[in-house]
$ cat query35.cif   # mmCIF, C-alpha atoms
data_entry
#
loop_
_atom_site.label_atom_id
_atom_site.label_comp_id
_atom_site.auth_asym_id
_atom_site.auth_seq_id
_atom_site.Cartn_x
_atom_site.Cartn_y
_atom_site.Cartn_z
CA MET A 1 33.34 8.64 37.53
CA SER A 2 37.01 9.60 37.29
CA SER A 3 39.44 6.97 36.15
CA LEU A 4 41.81 6.02 38.94
CA PRO A 5 45.39 7.28 38.77
CA THR A 6 47.91 4.47 38.37
CA HIS A 7 50.87 6.32 39.89
CA LEU A 8 51.89 9.65 41.38
CA GLN A 9 54.47 11.91 39.75
CA LEU A 10 56.30 14.30 42.09
CA GLY A 11 58.78 16.15 39.92
CA SER A 12 61.15 13.46 38.68
CA LEU A 13 60.07 11.04 41.43
CA ARG A 14 57.57 8.40 40.36
CA VAL A 15 55.52 6.75 43.10
CA ASP A 16 54.15 3.48 41.76
CA THR A 17 50.92 3.64 43.76
CA PRO A 18 49.38 7.10 44.38
CA VAL A 19 49.31 6.56 48.14
CA VAL A 20 51.35 8.39 50.79
CA LEU A 21 51.74 7.32 54.42
CA ALA A 22 51.19 10.44 56.51
CA PRO A 23 53.95 11.18 59.02
CA MET A 24 52.72 10.51 62.55
CA ALA A 25 54.76 11.30 65.65
CA GLY A 26 55.91 8.18 67.47
CA ILE A 27 54.40 5.97 64.75
CA THR A 28 56.05 6.33 61.34
CA ASN A 29 59.57 5.40 62.38
CA ALA A 30 61.82 3.28 60.17
CA ALA A 31 60.32 0.00 61.44
CA TYR A 32 56.72 1.00 60.69
CA ARG A 33 57.61 2.44 57.31
CA ARG A 34 59.33 -0.85 56.40
CA LEU A 35 56.30 -2.82 57.59
CA CYS A 36 53.92 -0.73 55.46
CA ALA A 37 56.25 -0.88 52.45
CA GLU A 38 56.25 -4.68 52.68
CA GLN A 39 52.49 -4.53 52.10
CA GLY A 40 52.32 -2.35 49.01
CA ALA A 41 53.94 0.30 46.87
CA GLY A 42 53.66 3.93 47.87
CA LEU A 43 55.55 6.73 49.57
CA TYR A 44 56.28 6.36 53.27
CA VAL A 45 57.14 9.56 55.13
CA CYS A 46 59.39 9.79 58.20
CA GLU A 47 58.13 11.41 61.39
CA MET A 48 58.17 15.19 61.27
CA ILE A 49 61.44 16.86 62.24
CA THR A 50 62.18 20.52 62.97
CA SER A 51 64.36 22.54 60.64
CA ARG A 52 66.11 24.29 63.50
CA GLY A 53 66.83 21.00 65.25
CA LEU A 54 68.41 19.65 62.10
CA VAL A 55 70.45 22.78 61.31
CA GLU A 56 71.77 23.01 64.87
CA GLY A 57 72.63 19.31 65.08
CA ASP A 58 70.12 18.43 67.83
CA GLU A 59 70.70 14.80 68.86
CA THR A 60 66.99 13.95 69.21
CA THR A 61 66.35 15.22 65.70
CA LYS A 62 69.25 13.23 64.27
CA LYS A 63 68.05 10.04 65.99
CA MET A 64 64.69 10.43 64.25
CA LEU A 65 66.41 10.50 60.85
CA VAL A 66 66.99 6.76 60.74
CA PHE A 67 66.15 4.78 57.61
CA ASP A 68 65.71 1.08 57.02
CA GLU A 69 68.39 -0.56 54.88
CA LEU A 70 65.77 -1.41 52.24
CA GLU A 71 64.27 2.11 52.24
CA SER A 72 65.37 3.14 48.77
CA VAL A 73 63.15 6.24 48.58
CA ARG A 74 63.75 8.34 51.66
CA SER A 75 60.96 10.78 52.45
CA VAL A 76 61.02 13.28 55.33
CA GLN A 77 58.51 15.81 56.62
CA LEU A 78 60.08 19.08 57.74
CA TYR A 79 58.59 21.66 60.09
CA GLY A 80 59.69 25.26 60.26
CA THR A 81 58.59 28.88 60.53
CA ASP A 82 61.84 30.57 59.43
CA PRO A 83 62.60 30.55 55.68
CA ILE A 84 66.38 30.58 56.28
CA TYR A 85 66.30 27.59 58.64
CA VAL A 86 63.93 25.65 56.39
CA GLY A 87 66.15 26.26 53.37
CA LYS A 88 69.28 25.14 55.22
CA ALA A 89 67.51 22.09 56.62
CA ALA A 90 66.27 21.08 53.15
CA GLU A 91 69.84 21.29 51.85
CA ILE A 92 71.13 19.12 54.72
CA LEU A 93 68.45 16.49 54.07
CA CYS A 94 69.41 16.31 50.41
CA ALA A 95 73.19 16.51 50.79
CA GLU A 96 73.78 14.49 53.95
CA TYR A 97 70.79 12.14 54.26
CA GLY A 98 70.11 11.34 50.62
CA VAL A 99 66.40 12.03 50.80
CA ALA A 100 64.34 11.70 47.63
CA HIS A 101 61.35 13.78 48.80
CA ILE A 102 60.73 16.58 51.31
CA ASP A 103 57.27 17.43 52.62
CA LEU A 104 56.68 20.68 54.51
CA ASN A 105 54.21 20.61 57.38
CA PHE A 106 51.66 23.41 57.37
CA GLY A 107 48.85 21.36 58.89
CA CYS A 108 49.80 20.45 62.45
CA PRO A 109 47.00 21.51 64.87
CA VAL A 110 48.92 21.00 68.14
CA PRO A 111 48.80 24.13 70.36
CA LYS A 112 52.56 24.18 71.09
CA VAL A 113 53.09 24.50 67.32
CA THR A 114 50.29 26.94 66.41
CA ARG A 115 51.23 29.13 69.41
CA LYS A 116 54.43 29.96 67.52
CA GLY A 117 52.68 30.52 64.20
CA GLY A 118 53.69 27.11 62.86
CA GLY A 119 51.82 24.15 61.39
CA GLY A 120 48.25 24.90 60.38
CA ALA A 121 48.52 28.51 61.56
CA LEU A 122 51.29 29.52 59.18
CA PRO A 123 49.40 29.65 55.84
CA TRP A 124 47.43 32.64 57.19
CA LYS A 125 50.62 34.63 56.56
CA ARG A 126 50.62 34.26 52.76
CA ASN A 127 53.94 35.98 52.05
CA LEU A 128 55.77 34.10 54.79
CA LEU A 129 54.40 30.83 53.39
CA GLY A 130 55.67 31.75 49.94
CA GLU A 131 59.13 32.66 51.29
CA ILE A 132 59.46 29.33 53.12
CA LEU A 133 58.36 27.30 50.10
CA GLU A 134 60.66 29.18 47.74
CA LYS A 135 63.69 28.67 50.02
CA ALA A 136 63.00 24.95 50.38
CA VAL A 137 62.40 24.43 46.66
CA ALA A 138 65.57 26.36 45.76
CA ALA A 139 67.66 24.39 48.27
CA ALA A 140 66.38 21.02 47.00
CA ALA A 141 66.51 21.86 43.28
CA PRO A 142 70.25 21.15 42.72
CA PHE A 143 69.64 17.63 44.06
CA ASP A 144 66.51 17.14 41.91
CA VAL A 145 64.49 16.48 45.08
CA PRO A 146 60.79 17.41 44.91
CA VAL A 147 59.30 19.52 47.70
CA THR A 148 55.63 19.17 48.61
CA MET A 149 53.46 20.71 51.30
CA LYS A 150 50.65 19.47 53.49
CA THR A 151 48.07 21.82 54.93
CA ARG A 152 44.54 22.08 56.32
CA LYS A 153 41.51 24.08 55.21
CA GLY A 154 42.49 26.92 57.48
CA ILE A 155 42.60 28.03 61.09
CA ASP A 156 38.83 27.88 61.50
CA ALA A 157 35.72 28.36 59.35
CA ASP A 158 36.25 32.15 59.38
CA HIS A 159 39.93 32.00 58.46
CA LEU A 160 40.30 29.62 55.52
CA THR A 161 43.63 29.45 53.72
CA TYR A 162 43.66 26.36 51.50
CA LEU A 163 42.94 27.98 48.13
CA ASP A 164 45.60 30.65 48.63
CA ALA A 165 47.99 27.99 49.92
CA GLY A 166 47.46 25.94 46.76
CA ARG A 167 48.11 28.93 44.52
CA ILE A 168 51.26 29.85 46.47
CA ALA A 169 52.50 26.24 46.41
CA GLN A 170 52.08 26.12 42.64
CA GLU A 171 53.77 29.50 42.12
CA SER A 172 56.65 28.56 44.45
CA GLY A 173 57.58 25.44 42.50
CA CYS A 174 56.17 22.81 44.83
CA ALA A 175 55.74 19.38 43.28
CA ALA A 176 52.35 18.78 44.95
CA ILE A 177 50.07 19.90 47.76
CA ALA A 178 48.16 17.64 50.16
CA LEU A 179 45.01 18.92 51.86
CA HIS A 180 43.56 17.51 55.08
CA GLY A 181 39.90 18.41 54.85
CA ARG A 182 39.64 19.81 58.37
CA THR A 183 40.52 23.13 60.00
CA VAL A 184 43.02 23.50 62.81
CA GLU A 185 40.08 24.19 65.14
CA GLN A 186 38.54 20.82 64.25
CA ALA A 187 41.81 18.96 64.94
CA TYR A 188 40.78 15.31 64.27
CA SER A 189 37.11 15.66 65.19
CA GLY A 190 34.05 15.54 62.95
CA GLU A 191 34.17 14.61 59.29
CA ALA A 192 36.72 15.66 56.69
CA ASP A 193 35.42 18.08 54.07
CA TRP A 194 36.07 16.35 50.76
CA GLU A 195 34.28 19.17 48.88
CA ALA A 196 37.09 21.52 49.89
CA ILE A 197 39.60 19.00 48.54
CA ALA A 198 37.68 18.90 45.24
CA GLU A 199 37.63 22.72 45.15
CA LEU A 200 41.40 22.89 45.62
CA LYS A 201 41.95 20.29 42.90
CA ALA A 202 39.75 22.27 40.50
CA SER A 203 41.67 25.48 41.23
CA LEU A 204 45.12 24.12 40.32
CA ASP A 205 46.26 23.07 36.88
CA HIS A 206 50.01 22.51 37.17
CA ILE A 207 50.65 20.41 40.29
CA PRO A 208 49.10 17.25 41.74
CA VAL A 209 46.66 17.57 44.64
CA LEU A 210 46.49 14.83 47.29
CA GLY A 211 43.50 14.30 49.56
CA ASN A 212 43.71 13.45 53.25
CA GLY A 213 41.04 12.73 55.84
CA ASP A 214 38.68 9.85 56.66
CA ILE A 215 40.30 7.15 54.53
CA TRP A 216 39.65 4.11 56.69
CA GLU A 217 39.42 1.47 53.95
CA ALA A 218 40.67 1.15 50.38
CA ALA A 219 37.13 1.82 49.14
CA ASP A 220 37.28 5.24 50.83
CA ALA A 221 40.38 6.13 48.81
CA VAL A 222 38.67 5.13 45.57
CA ARG A 223 35.59 7.16 46.51
CA MET A 224 37.71 10.19 47.37
CA VAL A 225 39.40 10.09 43.96
CA GLU A 226 36.07 9.64 42.19
CA GLU A 227 34.39 12.46 44.14
CA THR A 228 37.23 15.00 44.18
CA GLY A 229 39.44 14.18 41.20
CA VAL A 230 42.59 14.17 43.35
CA ASP A 231 45.82 12.69 41.99
CA GLY A 232 46.46 10.55 45.06
CA VAL A 233 45.65 10.07 48.74
CA VAL A 234 47.41 10.51 52.06
CA VAL A 235 46.61 7.91 54.72
CA GLY A 236 47.23 8.47 58.41
CA ARG A 237 45.14 7.07 61.25
CA GLY A 238 43.39 4.55 58.98
CA CYS A 239 46.46 2.32 58.91
CA LEU A 240 47.03 2.20 62.67
CA GLY A 241 47.17 -1.48 63.58
CA ARG A 242 46.33 -2.25 59.96
CA PRO A 243 49.42 -1.96 57.75
CA TRP A 244 47.78 -4.33 55.27
CA LEU A 245 45.61 -1.37 54.25
CA PHE A 246 48.46 -0.48 51.86
CA ARG A 247 48.06 -3.87 50.17
CA ASP A 248 44.36 -3.12 49.72
CA LEU A 249 45.13 0.36 48.40
CA ALA A 250 47.68 -0.95 45.89
CA ALA A 251 45.10 -3.44 44.66
CA ALA A 252 42.30 -0.85 44.51
CA PHE A 253 44.32 1.54 42.36
CA THR A 254 44.92 -1.23 39.83
CA GLY A 255 41.19 -1.88 39.62
CA GLU A 256 40.95 -4.83 42.01
CA GLN A 257 38.41 -4.42 44.77
CA VAL A 258 40.30 -6.15 47.55
CA ALA A 259 39.46 -5.90 51.22
CA THR A 260 41.80 -7.85 53.43
CA LEU A 261 39.98 -9.40 56.37
CA PRO A 262 42.70 -11.23 58.31
CA ASN A 263 41.81 -13.51 61.18
CA LEU A 264 43.41 -12.98 64.57
CA GLY A 265 46.22 -15.40 63.76
CA GLU A 266 47.24 -13.35 60.71
CA VAL A 267 46.95 -10.10 62.66
CA SER A 268 49.13 -11.61 65.39
CA LEU A 269 51.80 -12.40 62.80
CA MET A 270 51.69 -8.76 61.63
CA LEU A 271 51.97 -7.54 65.21
CA ARG A 272 54.94 -9.88 65.74
CA ARG A 273 56.63 -8.67 62.52
CA HIS A 274 56.15 -5.07 63.64
CA ALA A 275 57.75 -5.82 67.01
CA GLU A 276 60.62 -7.67 65.33
CA LEU A 277 61.38 -4.67 63.09
CA LEU A 278 61.21 -2.28 66.06
CA VAL A 279 63.68 -4.46 67.97
CA GLU A 280 66.00 -4.57 64.95
CA HIS A 281 66.09 -0.78 64.81
CA MET A 282 65.94 0.13 68.49
CA GLY A 283 67.06 -2.87 70.52
CA GLU A 284 64.79 -5.20 72.46
CA GLU A 285 63.98 -3.04 75.48
CA ARG A 286 62.97 0.10 73.56
CA GLY A 287 61.45 -1.84 70.66
CA CYS A 288 59.13 -3.73 73.01
CA LYS A 289 58.12 -0.51 74.74
CA GLU A 290 57.29 0.97 71.34
CA ILE A 291 55.08 -1.95 70.27
CA ARG A 292 52.89 -1.56 73.37
CA LYS A 293 51.01 1.46 71.98
CA HIS A 294 50.14 -0.50 68.82
CA VAL A 295 48.59 -3.50 70.62
CA THR A 296 45.21 -1.78 71.13
CA TRP A 297 44.98 -0.88 67.44
CA TYR A 298 45.91 -4.36 66.21
CA LEU A 299 43.43 -6.07 68.55
CA LYS A 300 40.57 -3.56 68.13
CA GLY A 301 37.30 -5.48 67.89
CA PHE A 302 38.91 -8.92 68.30
CA PRO A 303 38.08 -11.22 71.24
CA ALA A 304 40.95 -10.84 73.70
CA GLY A 305 40.31 -10.56 77.42
CA GLY A 306 41.10 -7.38 79.29
CA GLU A 307 43.72 -9.11 81.41
CA LEU A 308 45.54 -10.45 78.34
CA ARG A 309 45.40 -7.03 76.65
CA HIS A 310 46.82 -5.50 79.81
CA ARG A 311 49.75 -7.94 79.85
CA LEU A 312 50.39 -7.32 76.15
CA ALA A 313 50.56 -3.61 76.89
CA LEU A 314 53.37 -4.26 79.40
CA VAL A 315 55.47 -6.59 77.24
CA ASP A 316 59.26 -6.37 77.78
CA THR A 317 60.76 -8.99 75.47
CA LEU A 318 59.94 -10.72 72.19
CA ALA A 319 59.78 -14.01 74.09
CA ASP A 320 57.08 -12.52 76.35
CA LEU A 321 55.23 -11.25 73.28
CA ASP A 322 55.33 -14.71 71.67
CA ALA A 323 53.99 -16.34 74.84
CA LEU A 324 51.10 -13.89 75.04
CA ILE A 325 50.28 -14.12 71.34
CA ALA A 326 50.03 -17.90 71.83
CA GLU A 327 47.08 -17.25 74.18
CA LEU A 328 45.06 -15.53 71.44
CA ASP A 329 42.60 -17.53 69.32
CA PRO A 330 44.19 -17.56 65.84
CA ALA A 331 40.92 -18.61 64.21
CA ALA A 332 38.93 -15.61 65.50
CA PRO A 333 37.49 -13.84 62.41
CA PHE A 334 38.10 -10.23 61.56
CA PRO A 335 35.56 -7.97 63.34
CA VAL A 336 33.69 -6.61 60.32
CA GLN A 337 31.90 -4.08 62.52
CA GLU A 338 35.23 -2.22 62.68
CA LEU A 339 35.33 -1.62 58.92
CA GLY A 340 35.01 2.06 58.07
CA THR A 341 35.27 3.21 61.67
CA PRO A 342 37.73 5.86 62.88
CA ARG A 343 41.00 4.74 64.42
CA GLY A 344 43.40 6.65 66.63
CA ARG A 345 42.78 10.06 68.11
CA GLN A 346 39.58 11.98 67.40
CA GLY A 347 38.84 14.22 70.34
CA ALA A 348 36.68 17.31 70.30
CA PRO A 349 37.08 20.55 68.35
CA ARG A 350 39.38 23.06 70.05
CA LYS A 351 37.58 25.76 72.04
CA ARG A 352 39.98 28.19 70.42
CA VAL A 353 43.12 27.92 68.34
CA VAL A 354 46.20 29.15 70.21
CA LEU A 355 47.98 31.73 68.03
CA PRO A 356 50.70 34.36 68.52
CA ALA A 357 49.39 37.76 69.63
CA GLY A 358 48.00 39.73 66.68
CA TRP A 359 48.49 36.81 64.27
CA LEU A 360 45.17 37.39 62.50
CA ASP A 361 45.66 41.15 62.11
CA ASP A 362 47.18 40.82 58.65
CA THR A 363 47.94 38.14 56.07
CA ASP A 364 51.46 39.26 55.13
CA GLY A 365 53.85 37.71 57.62
CA HIS A 366 57.02 39.05 56.05
CA GLY A 367 59.64 39.34 58.79
CA CYS A 368 57.32 38.12 61.56
CA VAL A 369 59.11 34.84 62.17
CA ILE A 370 58.81 33.49 65.70
CA ALA A 371 61.85 31.54 66.85
CA GLU A 372 61.47 27.80 66.57
CA ASP A 373 62.23 25.46 69.44
CA ALA A 374 64.73 22.89 68.24
CA HIS A 375 62.89 20.22 70.23
CA ASP A 376 59.38 20.89 68.92
CA THR A 377 58.38 17.63 67.30
CA THR A 378 54.94 16.38 66.46
CA GLY A 379 53.35 14.70 63.51
CA GLY A 380 50.23 16.56 62.48
#
$ encode --input "query35.cif" --output "structure tokens"
Amino acid sequence: MSSLPTHLQLGSLRVDTPVVLAPMAGITNAAYRRLCAEQGAGLYVCEMITSRGLVEGDETTKKMLVFDELESVRSVQLYGTDPIYVGKAAEILCAEYGVAHIDLNFGCPVPKVTRKGGGGALPWKRNLLGEILEKAVAAAAPFDVPVTMKTRKGIDADHLTYLDAGRIAQESGCAAIALHGRTVEQAYSGEADWEAIAELKASLDHIPVLGNGDIWEAADAVRMVEETGVDGVVVGRGCLGRPWLFRDLAAAFTGEQVATLPNLGEVSLMLRRHAELLVEHMGEERGCKEIRKHVTWYLKGFPAGGELRHRLALVDTLADLDALIAELDPAAPFPVQELGTPRGRQGAPRKRVVLPAGWLDDTDGHGCVIAEDAHDTTGG
């Protein structure tokens, strides 16, 4: 059994609990990051933004780069397929937004991204991957900001890239690499391959490796570390409607086996706090619209009638939310049958991965950059 890491070191940045909140589109905004940070130490990453959008001053991109006043360690995930744009965007993040950590997305499985050779498709082009990483690392170096990358096993079972990606990340000066143990073809279906994560960890000796995939409870994170030897974990869908998971994770990495089982009253308070933070950052109308998508995750498995759930999913004001929460039974116990079960999107494997024409013909990629759309945003 491996001893558990007590912290995560990314260059000069120390993360007091080796846990990273995965960026998720429409989820990991400033309000949600603040909510999770209130539960436990860790690194909380902003929604993914595009390098071209940032460099060209796209308003949508700039609106996503909002940070909570108490967010002392600003972390942003950057997407890009052009080394020049990625380098410029990394410099802007450091110089103008005061970020302390940049993560590069090479794992997104969404077709509109892979169609342009981005996300999880890009590591197939080994030289292009190296160029992008080197530009980002060089741009961030004068600010002493660590650059990490997140990737998947590969495009599909016949086109695996993770071991090469790890080697290139290490050679390019990345501070760490995170591996989601699924291929692009799998998307979020099936089970994550923790053996691949262990293989990547064993192949690298200079940079930390983080594991991602199927961490639904704190015990899963402990098991992943013990089975794979990773230096930390990345948590995405497991915390949907359950921000207290970060409290459990912080406890688990200090040797306490804590599993928070809040009753419906405590969950309602968390839902209310989430809504309050959204309203603070976005105003009441938009904040209340944003909380609607979270209601299903917070109430999953709890007794709450369909009609009440429906009204909660249409809430317009905090006063309306309070009135509806008052109709829930605060004493209802946590639904233990939900422990360890998947949350959020799963779906089926993709019939085929959408790639640029001829993408698989070679693994070089030098000079084959496909223009980014400034508005392409997703959070894979």
$ closest_residue --input "query35.cif" --among "A:Asp214, A:Glu338, A:Asp322, A:Glu96" --to "A:Arg272" --atoms "all atoms listed in the file"
A:Asp322
$ atom_distance --input "query35.cif" --atom1 "atom CA of A:Tyr79" --atom2 "atom CA of A:Ser189"
22.9 Å
$ resolve_selection --input "query35.cif" --expression "the PyMOL selection byres ((chain A and resi 28) around 12)" --output "count of residues only"
45
$ residues_around --input "query35.cif" --residues "stretch 252-266 of chain A" --least-positions-apart "2" --cutoff "8 Å" --atoms "all atoms listed in the file" --output "list of chain:residue names"
A:Leu4, A:Pro5, A:Thr6, A:Thr17, A:Pro18, A:Glu217, A:Ala218, A:Ala219, A:Val222, A:Trp244, A:Leu245, A:Asp248, A:Leu249, A:Ala250, A:Ser268, A:Leu269, A:Met270, A:Leu299, A:Phe302, A:Leu328, A:Asp329, A:Pro330, A:Ala331, A:Ala332, A:Pro333, A:Phe334, A:Val336
$ resolve_selection --input "query35.cif" --expression "the PyMOL selection byres ((chain A and resi 193) around 9)" --output "VMD selection string"
chain A and resid 153 180 to 182 191 to 192 194 to 197 213
$ closest_residue --input "query35.cif" --among "A:Glu372, A:Asp320, A:Glu91, A:Asp156" --to "A:Ala138" --atoms "all atoms listed in the file"
A:Glu91
$ axis_aligned_box --input "query35.cif" --around "stretch 190-193 of chain A" --padding-each-side "3 Å" --output "lines of an AutoDock Vina configuration file"
center_x = 35.4
center_y = 16.3
center_z = 58.5
size_x = 8.7
size_y = 9.5
size_z = 14.9
$ closest_residue --input "query35.cif" --among "A:Thr341, A:Thr60, A:Thr148, A:Ser3" --to "A:Ala178" --atoms "only C-alpha atoms"
A:Thr148
